[in-house]
Amino acid sequence: TETTVYSFSVPANTLGSTKALRLTLIGDYLNNSGAGAGYTARVKYGATTMGVYGTTSFTTNASRRKVFLQFDLSAANATNAQRGIGHLVTTDAGADAFDAGAATDFRWSGHTAVAEDSTGALTLAVTIQPGTAAATISFRAMTVQLELLD
């Protein structure tokens with residue numbers, strides 16, 4: 001099932017017509033199920049899914065893969081118009097760094113025609129949905145940072 005790993009209620013009028021938010025998530029993913037399995041990450045703002053990142057099927061491994069997700073959400077010159085873009089990187093199992101050699105899956109996603117009314121509070125959320133149901137598959141959000149950009 002799809003599970004929320006991060007959620008924040010963005011206060012009314014935070015974005016206005018010119019500001020932006022940057023969400024950075026550092027986490028990890030474990031597939032120790034005995035078979036290949038990926039996951040789908042989604043970034044949502046209000047009722048709109050802004051970014052969808054469906055990964056490849058990762059081989060089973062007892063070591064966790066590092067995950068880095070960054071998403072920028074910006075007002076598009078109006079309080080009811082937004083756009084966003086982001087990327088998701090998943091490393092090899094057991095990799096110690098986020099370098100080009102350790103990234104086995106790199107995804108971009110975004111949305112350019114969002115019409116959420118930011119004059120009211122809206123939820124910014126990240127969800128994860130495993131491609132296979134198994135108790136030996138898990139995702140952990142270790143650090144999440146949300147920045148307001150001018």
# chains A, B, ... in the order shown; residues from 1 in each chain; ligands from 1
>>> closest_atom_pairs(of="stretch 45-107 of chain A", to="stretch 5-29 of chain A", cutoff="8 Å", atoms="only C-alpha atoms", output="CSV")
residue,atom,partner,partner_atom,distance
A:Arg64,CA,A:Tyr29,CA,5.4
A:Arg65,CA,A:Tyr29,CA,5.1
A:Lys66,CA,A:Asp28,CA,4.4
A:Val67,CA,A:Gly27,CA,4.9
A:Phe68,CA,A:Ile26,CA,4.8
A:Leu69,CA,A:Leu25,CA,5.0
A:Gln70,CA,A:Thr24,CA,4.4
A:Phe71,CA,A:Leu23,CA,5.2
A:Asp72,CA,A:Arg22,CA,4.5
A:Leu73,CA,A:Leu21,CA,5.2
A:Ser74,CA,A:Ala20,CA,4.0
A:Ala75,CA,A:Ser17,CA,5.1
A:Ala76,CA,A:Ser17,CA,6.3
A:Asn77,CA,A:Ser17,CA,4.5
A:Ala78,CA,A:Ser17,CA,4.2
A:Thr79,CA,A:Ser17,CA,4.9
A:Ala81,CA,A:Ser17,CA,7.9
>>> residues_around(residues="A:Gln129", least_positions_apart="5", cutoff="9 Å", atoms="only C-alpha atoms", output="list in words")
Thr1, Glu2, Thr3, Thr4, Gly38, Tyr39, Thr40, Ala41 and Arg42 of chain A
>>> write_last_selection(atoms="N, CA and C atoms", output="short mmCIF file (atom, residue, chain, number, x, y, z; two decimals), in the first residue's frame")
data_model
loop_
_atom_site.label_atom_id
_atom_site.label_comp_id
_atom_site.auth_asym_id
_atom_site.auth_seq_id
_atom_site.Cartn_x
_atom_site.Cartn_y
_atom_site.Cartn_z
N THR A 1 0.83 -1.19 0.00
CA THR A 1 0.00 0.00 0.00
C THR A 1 0.88 1.25 0.00
N GLU A 2 0.29 2.32 -0.47
CA GLU A 2 0.98 3.61 -0.48
C GLU A 2 1.01 4.15 0.95
N THR A 3 2.20 4.55 1.41
CA THR A 3 2.38 5.01 2.78
C THR A 3 3.03 6.39 2.78
N THR A 4 2.51 7.29 3.59
CA THR A 4 3.10 8.62 3.72
C THR A 4 4.33 8.53 4.62
N GLY A 38 10.92 -3.00 -6.86
CA GLY A 38 11.17 -1.56 -6.85
C GLY A 38 10.15 -0.88 -5.97
N TYR A 39 10.04 0.44 -6.14
CA TYR A 39 9.05 1.20 -5.40
C TYR A 39 8.67 2.44 -6.21
N THR A 40 7.57 3.04 -5.83
CA THR A 40 7.14 4.30 -6.45
C THR A 40 7.09 5.36 -5.37
N ALA A 41 7.78 6.47 -5.61
CA ALA A 41 7.74 7.62 -4.72
C ALA A 41 6.87 8.69 -5.37
N ARG A 42 6.06 9.36 -4.56
CA ARG A 42 5.21 10.44 -5.06
C ARG A 42 5.36 11.67 -4.17
#
>>> residues_around(residues="stretch 101-118 of chain A", least_positions_apart="2", cutoff="7 Å", atoms="only C-alpha atoms", output="ChimeraX atom specification")
/A:12-13,15-16,46,50-53,55-56,79-92,95,97-99,120-122
>>> select_by_dssp(residues="stretch 93-150 of chain A", states="strand (DSSP E)", output="PyMOL selection string")
chain A and resi 93+103-114+122-130+137-149
>>> residues_around(residues="A:Tyr45", least_positions_apart="2", cutoff="8 Å", atoms="only C-alpha atoms", output="list in words")
Val43, Ala47, Thr48, Thr49, Met50, Glu116, Leu122, Thr123, Leu124 and Ala125 of chain A
>>> residues_around(residues="A:Asn31", least_positions_apart="6", cutoff="10 Å", atoms="only C-alpha atoms", output="list of chain:residue names")
A:Ala37, A:Gly38, A:Tyr39, A:Ser57, A:Phe58, A:Thr59, A:Thr60, A:Asn61, A:Ala62, A:Ser63, A:Arg64, A:Arg65, A:Ala93, A:Pro130, A:Thr132, A:Ala134, A:Ala135, A:Thr136, A:Ile137, A:Ser138, A:Phe139
>>> write_last_selection(atoms="C-alpha atoms", output="mmCIF file, in the first residue's frame")
data_model
loop_
_atom_site.group_PDB
_atom_site.id
_atom_site.type_symbol
_atom_site.label_atom_id
_atom_site.label_comp_id
_atom_site.auth_asym_id
_atom_site.auth_seq_id
_atom_site.Cartn_x
_atom_site.Cartn_y
_atom_site.Cartn_z
ATOM 1 C CA ALA A 37 11.302 -5.315 -6.356
ATOM 2 C CA GLY A 38 11.171 -1.563 -6.845
ATOM 3 C CA TYR A 39 9.055 1.202 -5.397
ATOM 4 C CA SER A 57 13.219 -3.528 -9.988
ATOM 5 C CA PHE A 58 16.155 -3.810 -7.580
ATOM 6 C CA THR A 59 17.721 -7.200 -6.945
ATOM 7 C CA THR A 60 17.294 -8.678 -3.507
ATOM 8 C CA ASN A 61 20.063 -7.803 -1.051
ATOM 9 C CA ALA A 62 20.496 -7.762 2.730
ATOM 10 C CA SER A 63 22.071 -4.284 2.523
ATOM 11 C CA ARG A 64 20.035 -1.098 2.295
ATOM 12 C CA ARG A 65 20.206 1.263 -0.688
ATOM 13 C CA ALA A 93 22.918 -1.835 -2.135
ATOM 14 C CA PRO A 130 6.519 -0.806 -2.787
ATOM 15 C CA THR A 132 5.779 -5.947 -4.144
ATOM 16 C CA ALA A 134 6.659 -8.335 1.553
ATOM 17 C CA ALA A 135 7.630 -7.862 5.184
ATOM 18 C CA THR A 136 11.279 -7.873 4.066
ATOM 19 C CA ILE A 137 10.849 -4.742 1.915
ATOM 20 C CA SER A 138 11.018 -1.384 3.670
ATOM 21 C CA PHE A 139 11.629 2.315 3.106
#
>>> atom_distance(atom1="atom CA of A:Thr127", atom2="atom CA of A:Arg140")
11.0 Å
>>> atom_distance(atom1="atom CA of A:Met142", atom2="atom CA of A:Asp96")
15.4 Å
>>> atom_distance(atom1="atom CA of A:Thr143", atom2="atom CA of A:Gly54")
21.0 Å
